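For reference, the structure is listed below as structure tokens.
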Amino acid sequence: MSAIELESLAACYHEQGYVIVRGFLPPGELRELQQELDRYVREVVPGLSDRDAFYVDRARPETLKQMQHMGQAPFFEAYRTRPRWIELASALVGEEVVGGEPEWFNKPPGTDSPTPPHQDNYYFCLRPANVVTLWLALDSVDEENGCLRYVPGSHREGIRPHDASHVLGFSQGIDDYAAADQAREVAIRLQVGDLVAHHGEMIHRAEPNRSADRHRRAFAMVCKGRSCRRDEQAFARYMDALQAQHRRLGLQA
Ligand SMILES: O=C(O)CCC(=O)C(=O)O
């Protein structure tokens, strides 16, 4: 991507708190990623703990909805330094970044799996909030299959109060999310290979997948600026809440 393109994406990101990059991954790289994800689901996921692979219904493998800590596979560990991703993230946050462990999200068809409204940096507790999530569509996404919804400009309005949610994978949600917030939302429709980047304090959520047979898969990577430091007290409170949710849901470590 040229410097001018990156600059214009960064301007949009700072203004709205998110920016869409159409056709971010060229076909060859997209195919490679899809093949490695398929292999990971087939060969690694069956041996993972309950805390690294989440299902809507544990007894039905086809309801796999989230994978975390994917750095245990060499391909995904190496992915953290992919120049295309790092270059974009660092242009957006305005400093050198460190790529986090890749994650994978799905909303399998026929399941009730909403994403509660939240701000990622409520979970990360990074100061300053120079952190961006890069979210790549692996299926076409729209209102029917549960696309992301953003509240533009909310990344400049501070962290809202969060409370325990009942959604596995998103332990905390904004507890005073109201009709006025919903009225400001934009739905992010993407094609396979498009990417959306959102600021760590952007409010976002997604509705359940209401389609009959369309998956809603995405591959994501969080990149944080080198100047970010974690607020350890806030993070300890978040981790306590997370562990409490996992205990409530009976997840095995
Ligand atoms: O894919 C989703 O529904 C949520 C993803 C998300 O919250 C994130 O990547 O920050």
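Residues are named by chain letter and number: chains run A, B, ... in the order of the structure tokens, numbers start at 1 in each chain, and ligands are numbered from 1 in the order shown.
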
Skipping near chain neighbours, those fewer than 6 positions away, what residues fall within 10 Å of Tyr123 in chain A using only C-alpha atoms, listed as a list in words?
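That gives His162, Phe170, Ser171, Gln172, Gly200, Ala234, Phe235, Arg237, Tyr238, Met239 and Leu242 of chain A.
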
Give me, as a CSV table (one decimal) with N, CA and C atoms, in the first residue's frame, the residues of range 73-252 of chain A that a backbone DSSP run labels strand (DSSP E).
chain,number,residue,atom,x,y,z
A,97,VAL,N,4.2,-1.1,16.0
A,97,VAL,CA,3.2,-1.9,16.7
A,97,VAL,C,3.8,-3.3,16.9
A,98,VAL,N,3.2,-4.0,17.9
A,98,VAL,CA,3.4,-5.4,18.1
A,98,VAL,C,2.1,-6.2,17.8
A,99,GLY,N,2.2,-7.2,17.0
A,99,GLY,CA,1.0,-8.0,16.6
A,99,GLY,C,0.7,-9.0,17.7
A,103,GLU,N,-6.8,-14.5,16.2
A,103,GLU,CA,-8.1,-15.0,16.8
A,103,GLU,C,-9.0,-15.3,15.6
A,104,TRP,N,-10.0,-16.1,15.8
A,104,TRP,CA,-10.9,-16.5,14.8
A,104,TRP,C,-12.3,-16.4,15.4
A,105,PHE,N,-13.2,-15.8,14.7
A,105,PHE,CA,-14.6,-15.7,15.2
A,105,PHE,C,-15.6,-16.2,14.2
A,115,THR,N,-22.9,-10.8,19.7
A,115,THR,CA,-21.7,-10.2,20.3
A,115,THR,C,-22.2,-9.0,21.1
A,116,PRO,N,-22.0,-8.9,22.4
A,116,PRO,CA,-22.6,-7.8,23.2
A,116,PRO,C,-21.8,-6.5,22.9
A,117,PRO,N,-22.4,-5.4,23.0
A,117,PRO,CA,-21.7,-4.1,22.8
A,117,PRO,C,-20.5,-4.0,23.8
A,118,HIS,N,-19.4,-3.7,23.3
A,118,HIS,CA,-18.2,-3.6,24.2
A,118,HIS,C,-17.1,-2.8,23.5
A,126,LEU,N,-5.1,-1.0,28.2
A,126,LEU,CA,-3.9,-0.4,27.7
A,126,LEU,C,-3.9,1.1,27.8
A,127,ARG,N,-2.8,1.7,28.3
A,127,ARG,CA,-2.7,3.2,28.3
A,127,ARG,C,-1.4,3.6,27.7
A,131,VAL,N,-4.3,1.1,20.3
A,131,VAL,CA,-4.4,-0.3,19.9
A,131,VAL,C,-5.5,-0.4,18.9
A,132,VAL,N,-5.3,-1.3,17.9
A,132,VAL,CA,-6.2,-1.5,16.8
A,132,VAL,C,-6.5,-3.0,16.6
A,133,THR,N,-7.7,-3.3,16.3
A,133,THR,CA,-8.1,-4.6,16.0
A,133,THR,C,-8.3,-4.7,14.4
A,134,LEU,N,-7.6,-5.6,13.8
A,134,LEU,CA,-7.8,-5.8,12.3
A,134,LEU,C,-8.6,-7.1,12.2
A,135,TRP,N,-9.8,-6.9,11.5
A,135,TRP,CA,-10.8,-8.0,11.4
A,135,TRP,C,-11.0,-8.3,9.9
A,136,LEU,N,-10.6,-9.5,9.5
A,136,LEU,CA,-10.7,-9.8,8.1
A,136,LEU,C,-11.9,-10.8,7.8
A,137,ALA,N,-12.8,-10.4,6.9
A,137,ALA,CA,-13.9,-11.2,6.6
A,137,ALA,C,-13.5,-12.5,5.8
A,148,LEU,N,-20.5,-6.9,12.0
A,148,LEU,CA,-20.1,-5.9,13.1
A,148,LEU,C,-21.0,-4.6,12.9
A,149,ARG,N,-21.3,-4.0,14.0
A,149,ARG,CA,-21.9,-2.7,14.0
A,149,ARG,C,-21.1,-1.8,14.9
A,150,TYR,N,-20.8,-0.6,14.4
A,150,TYR,CA,-20.0,0.3,15.1
A,150,TYR,C,-20.8,1.6,15.5
A,162,HIS,N,-18.9,-1.4,32.0
A,162,HIS,CA,-19.1,-2.8,31.5
A,162,HIS,C,-19.5,-3.6,32.6
A,163,ASP,N,-20.3,-4.7,32.3
A,163,ASP,CA,-20.7,-5.6,33.4
A,163,ASP,C,-20.7,-7.0,32.8
A,164,ALA,N,-20.8,-8.0,33.6
A,164,ALA,CA,-20.8,-9.4,33.1
A,164,ALA,C,-21.8,-9.6,32.0
A,165,SER,N,-21.4,-10.2,30.9
A,165,SER,CA,-22.4,-10.6,29.9
A,165,SER,C,-22.5,-12.1,30.0
A,166,HIS,N,-23.5,-12.6,29.4
A,166,HIS,CA,-23.7,-14.1,29.5
A,166,HIS,C,-23.2,-14.8,28.2
A,167,VAL,N,-22.3,-14.1,27.5
A,167,VAL,CA,-21.9,-14.6,26.2
A,167,VAL,C,-20.5,-15.1,26.3
A,170,PHE,N,-17.0,-13.2,25.2
A,170,PHE,CA,-17.2,-11.7,25.4
A,170,PHE,C,-17.7,-11.6,26.8
A,171,SER,N,-16.8,-11.7,27.8
A,171,SER,CA,-17.3,-11.8,29.2
A,171,SER,C,-18.0,-10.6,29.7
A,172,GLN,N,-17.6,-9.4,29.1
A,172,GLN,CA,-18.1,-8.1,29.6
A,172,GLN,C,-18.8,-7.3,28.5
A,173,GLY,N,-19.9,-6.7,28.8
A,173,GLY,CA,-20.6,-5.9,27.8
A,173,GLY,C,-21.0,-4.5,28.4
A,174,ILE,N,-21.2,-3.5,27.6
A,174,ILE,CA,-21.6,-2.2,28.1
A,174,ILE,C,-23.0,-2.3,28.7
A,186,VAL,N,-23.5,2.0,12.6
A,186,VAL,CA,-23.4,1.7,11.2
A,186,VAL,C,-23.1,0.2,11.1
A,187,ALA,N,-23.8,-0.5,10.1
A,187,ALA,CA,-23.5,-1.9,9.9
A,187,ALA,C,-22.4,-2.0,8.9
A,195,LEU,N,-11.2,-6.1,4.9
A,195,LEU,CA,-10.8,-6.0,6.3
A,195,LEU,C,-11.4,-4.7,6.9
A,196,VAL,N,-11.8,-4.8,8.1
A,196,VAL,CA,-12.2,-3.5,8.8
A,196,VAL,C,-11.2,-3.4,10.1
A,197,ALA,N,-10.7,-2.2,10.3
A,197,ALA,CA,-9.9,-2.0,11.4
A,197,ALA,C,-10.6,-1.1,12.4
A,198,HIS,N,-10.6,-1.5,13.7
A,198,HIS,CA,-11.3,-0.6,14.7
A,198,HIS,C,-10.4,-0.2,15.8
A,199,HIS,N,-10.6,1.0,16.3
A,199,HIS,CA,-9.8,1.5,17.4
A,199,HIS,C,-10.2,0.7,18.7
A,204,HIS,N,-18.6,-1.5,19.7
A,204,HIS,CA,-19.1,-2.4,18.6
A,204,HIS,C,-19.8,-3.5,19.2
A,205,ARG,N,-20.7,-4.1,18.3
A,205,ARG,CA,-21.4,-5.3,18.7
A,205,ARG,C,-21.8,-6.0,17.4
A,206,ALA,N,-22.5,-7.1,17.5
A,206,ALA,CA,-23.0,-7.8,16.4
A,206,ALA,C,-24.3,-8.6,16.8
A,218,ALA,N,-14.5,-14.9,10.6
A,218,ALA,CA,-13.5,-13.8,10.5
A,218,ALA,C,-12.2,-14.1,11.2
A,219,PHE,N,-11.1,-13.6,10.7
A,219,PHE,CA,-9.8,-13.8,11.3
A,219,PHE,C,-9.4,-12.4,11.8
A,220,ALA,N,-8.9,-12.3,13.0
A,220,ALA,CA,-8.6,-11.0,13.6
A,220,ALA,C,-7.2,-11.0,14.3
A,221,MET,N,-6.6,-9.8,14.3
A,221,MET,CA,-5.4,-9.7,15.0
A,221,MET,C,-5.4,-8.3,15.7
A,222,VAL,N,-5.0,-8.3,16.9
A,222,VAL,CA,-5.0,-7.0,17.7
A,222,VAL,C,-3.5,-6.6,17.7
A,223,CYS,N,-3.3,-5.3,17.3
A,223,CYS,CA,-1.9,-4.8,17.3
A,223,CYS,C,-1.8,-3.6,18.2
A,224,LYS,N,-0.8,-3.6,19.1
A,224,LYS,CA,-0.7,-2.5,20.0
A,224,LYS,C,0.5,-1.7,19.8
A,225,GLY,N,0.4,-0.4,20.0
A,225,GLY,CA,1.6,0.5,19.8
A,225,GLY,C,2.6,0.2,20.9
A,229,ARG,N,1.1,0.7,27.8
A,229,ARG,CA,1.4,0.0,29.0
A,229,ARG,C,0.1,-0.5,29.6
A,230,ARG,N,0.2,-1.7,30.2
A,230,ARG,CA,-1.1,-2.3,30.7
A,230,ARG,C,-1.3,-1.7,32.1

Among the residues of range 4-91 of chain A, find those DSSP assigns to alpha helix (DSSP H) from the backbone and print them as a ChimeraX atom specification.
/A:4-16,27-39,74-79,83-91

Find the residues near Val141 in chain A: any atom within 12 Å, counting only C-alpha atoms, skip ones fewer than 2 places away on the same chain, and give them as a count of residues only.
35

Show which residues sit within 10 Å of Glu157 in chain A, as a PyMOL selection string. Count only C-alpha atoms, and ignore same-chain residues fewer than 5 positions away.
chain A and resi 201-203

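Separating CA of Gln16 in chain A from CA of Gln66 in chain A is a distance of 27.0 Å.
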
Find the distance between CA of Asn121 in chain A and CA of Pro161 in chain A and write it in Å to one decimal.
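That distance, rounded to one decimal, is 11.9 Å.
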